[in-house]
Amino acid sequence: MKPQHSTVHRALELQGGAVSRSQLRRLGLPDSLIDSMRDDGHLVSIFPGVYRGAGVPPSWLLDLVAATLLLSGRAVASMATAARLHSLPGYETDPNIEFSCQLPNRNIGGSVPVHSTRRLDAVDLVRVALPLADSSRRSRTAEGFGLVTSVTTTTASRTIIDLARRLNVPALSRLVDSSVSLKKITIETLVDRLEELRDSGV
């Protein structure tokens with residue numbers, strides 16, 4: 001295997017099977033080589049400028065990393081995706097990929113659903129680590145290109161508030177009760193945040 005190909009495969013391994021063109025450029029690969037790897041099937045386009053490795057099977061983690069690379073910080077994981085990241089009851093295996101942004105710009109994600117919201121405060125956000133390869137195995141080469149090892153997502157409380165519009169009262173009640181029992185949220189935090197957001201139309 002050529003050295004450049006080995007570097008690319010290492011990066012793919014450390015990032016759930018996905019990589020962006022900008023990351024490959026940071027590793028020193030010219031666009032001509034990236035295009036060649038895409039054309040010969042070593043890289044498969046997922047989104048514009050985002051690829052998966054040949055033979056990497058479809059998975060929720062792959063889709064999440066690819067969407068994160070595509071959006072590049074312009075939106076945060078939310079709704080069902082955030083619920084899965086927080087392991088909220090009933091969402092542990094939810095396959096959906098969803099993001100939110102405060103600006104009214106739903107089209108920034110292309111085929112990735114990006115919801116717009118009037119208010120998305122810092123208190124509503126948290127970083128969640130992704131179940132990727134052990135950080136101790138990362139090479140110096142890969143560390144320099146901005147690995148996606150965690151994502152910004154809405155907090156468990158904000159996620160439940162956002163999901164409330166989709167759920168009927170019994171389902172929402174079960175989600176809240178189970179989340180409290182599992183210590184994912186507290187009723188006090190949920191109520192306080194709901195009161196603060198209510199005037200913003202959330």
# chains A, B, ... in the order shown; residues from 1 in each chain; ligands from 1
$ select_by_dssp --residues "stretch 26-115 of chain A" --states "helix (DSSP H, G or I)" --output "count of residues only"
33
$ residues_around --residues "A:Val56" --least-positions-apart "4" --cutoff "12 Å" --atoms "only C-alpha atoms" --output "PyMOL selection string"
chain A and resi 9+12-13+15-19+41-44+46+51-52+61-63
$ select_by_dssp --residues "stretch 18-97 of chain A" --states "strand (DSSP E)" --output "list of chain:residue names"
A:Ala18, A:Val19, A:Ser20, A:Leu43, A:Val44, A:Ser45, A:Ile46, A:Phe47, A:Val50, A:Tyr51, A:Arg52, A:Gly53, A:Val76, A:Ala77
$ atom_distance --atom1 "atom CA of A:Ser78" --atom2 "atom CA of A:Ala54"
28.8 Å
$ residues_around --residues "A:Gly90" --least-positions-apart "5" --cutoff "9 Å" --atoms "only C-alpha atoms" --output "ChimeraX atom specification"
/A:83-84,175
$ write_last_selection --atoms "N, CA, C and O atoms" --output "PDB file, in the first residue's frame"
ATOM      1  N   ALA A  83     -30.916  12.650  21.403  1.00  0.00           N
ATOM      2  CA  ALA A  83     -31.500  11.680  22.333  1.00  0.00           C
ATOM      3  C   ALA A  83     -30.697  10.390  22.353  1.00  0.00           C
ATOM      4  O   ALA A  83     -30.461   9.792  23.409  1.00  0.00           O
ATOM      5  N   ARG A  84     -30.256   9.950  21.189  1.00  0.00           N
ATOM      6  CA  ARG A  84     -29.430   8.736  21.138  1.00  0.00           C
ATOM      7  C   ARG A  84     -28.069   8.977  21.774  1.00  0.00           C
ATOM      8  O   ARG A  84     -27.552   8.115  22.499  1.00  0.00           O
ATOM      9  N   LEU A 175     -41.114   9.421  28.692  1.00  0.00           N
ATOM     10  CA  LEU A 175     -39.743   9.851  28.424  1.00  0.00           C
ATOM     11  C   LEU A 175     -39.195  10.665  29.590  1.00  0.00           C
ATOM     12  O   LEU A 175     -38.059  10.443  30.030  1.00  0.00           O
TER      13      LEU A 175
END
$ closest_residue --among "A:Ala67, A:Ala75, A:Leu33, A:Leu88" --to "A:Ser111" --atoms "only C-alpha atoms"
A:Ala67
$ closest_residue --among "A:Ala164, A:Tyr91, A:Val169, A:Val123" --to "A:Thr189" --atoms "only C-alpha atoms"
A:Val123
$ closest_residue --among "A:Leu132, A:Asn168, A:Pro30, A:Thr154" --to "A:Glu98" --atoms "only C-alpha atoms"
A:Thr154
$ atom_distance --atom1 "atom CA of A:Pro89" --atom2 "atom CA of A:Leu120"
23.5 Å
$ residues_around --residues "A:Val50" --least-positions-apart "3" --cutoff "8 Å" --atoms "only C-alpha atoms" --output "tab-separated table (two decimals) with N, CA, C and O atoms, in the first residue's frame"
chain	number	residue	atom	x	y	z
A	18	ALA	N	-15.19	7.78	7.99
A	18	ALA	CA	-15.46	8.96	7.16
A	18	ALA	C	-14.31	9.95	7.24
A	18	ALA	O	-13.58	10.00	8.24
A	19	VAL	N	-14.15	10.74	6.19
A	19	VAL	CA	-13.10	11.75	6.16
A	19	VAL	C	-13.51	12.84	5.17
A	19	VAL	O	-14.27	12.59	4.23
A	20	SER	N	-13.05	14.06	5.40
A	20	SER	CA	-13.39	15.16	4.49
A	20	SER	C	-12.20	15.51	3.61
A	20	SER	O	-11.05	15.22	3.92
A	21	ARG	N	-12.51	16.17	2.50
A	21	ARG	CA	-11.45	16.62	1.60
A	21	ARG	C	-10.50	17.59	2.31
A	21	ARG	O	-9.28	17.52	2.13
A	45	SER	N	-17.99	8.93	-2.23
A	45	SER	CA	-18.63	10.18	-1.82
A	45	SER	C	-19.91	9.91	-1.02
A	45	SER	O	-20.75	9.11	-1.42
A	46	ILE	N	-20.01	10.60	0.11
A	46	ILE	CA	-21.25	10.56	0.92
A	46	ILE	C	-21.98	11.88	0.73
A	46	ILE	O	-23.17	11.93	0.41
A	47	PHE	N	-21.26	12.97	0.98
A	47	PHE	CA	-21.74	14.33	0.76
A	47	PHE	C	-20.67	15.06	-0.04
A	47	PHE	O	-19.56	14.56	-0.18
A	66	ALA	N	-19.97	11.85	9.22
A	66	ALA	CA	-20.02	12.46	7.89
A	66	ALA	C	-20.82	13.75	7.92
A	66	ALA	O	-20.42	14.77	7.34
A	69	LEU	N	-18.83	16.48	9.64
A	69	LEU	CA	-17.81	17.01	8.74
A	69	LEU	C	-18.43	17.96	7.72
A	69	LEU	O	-17.87	19.02	7.41
A	70	LEU	N	-19.58	17.58	7.19
A	70	LEU	CA	-20.25	18.42	6.20
A	70	LEU	C	-20.64	19.77	6.78
A	70	LEU	O	-20.41	20.82	6.18
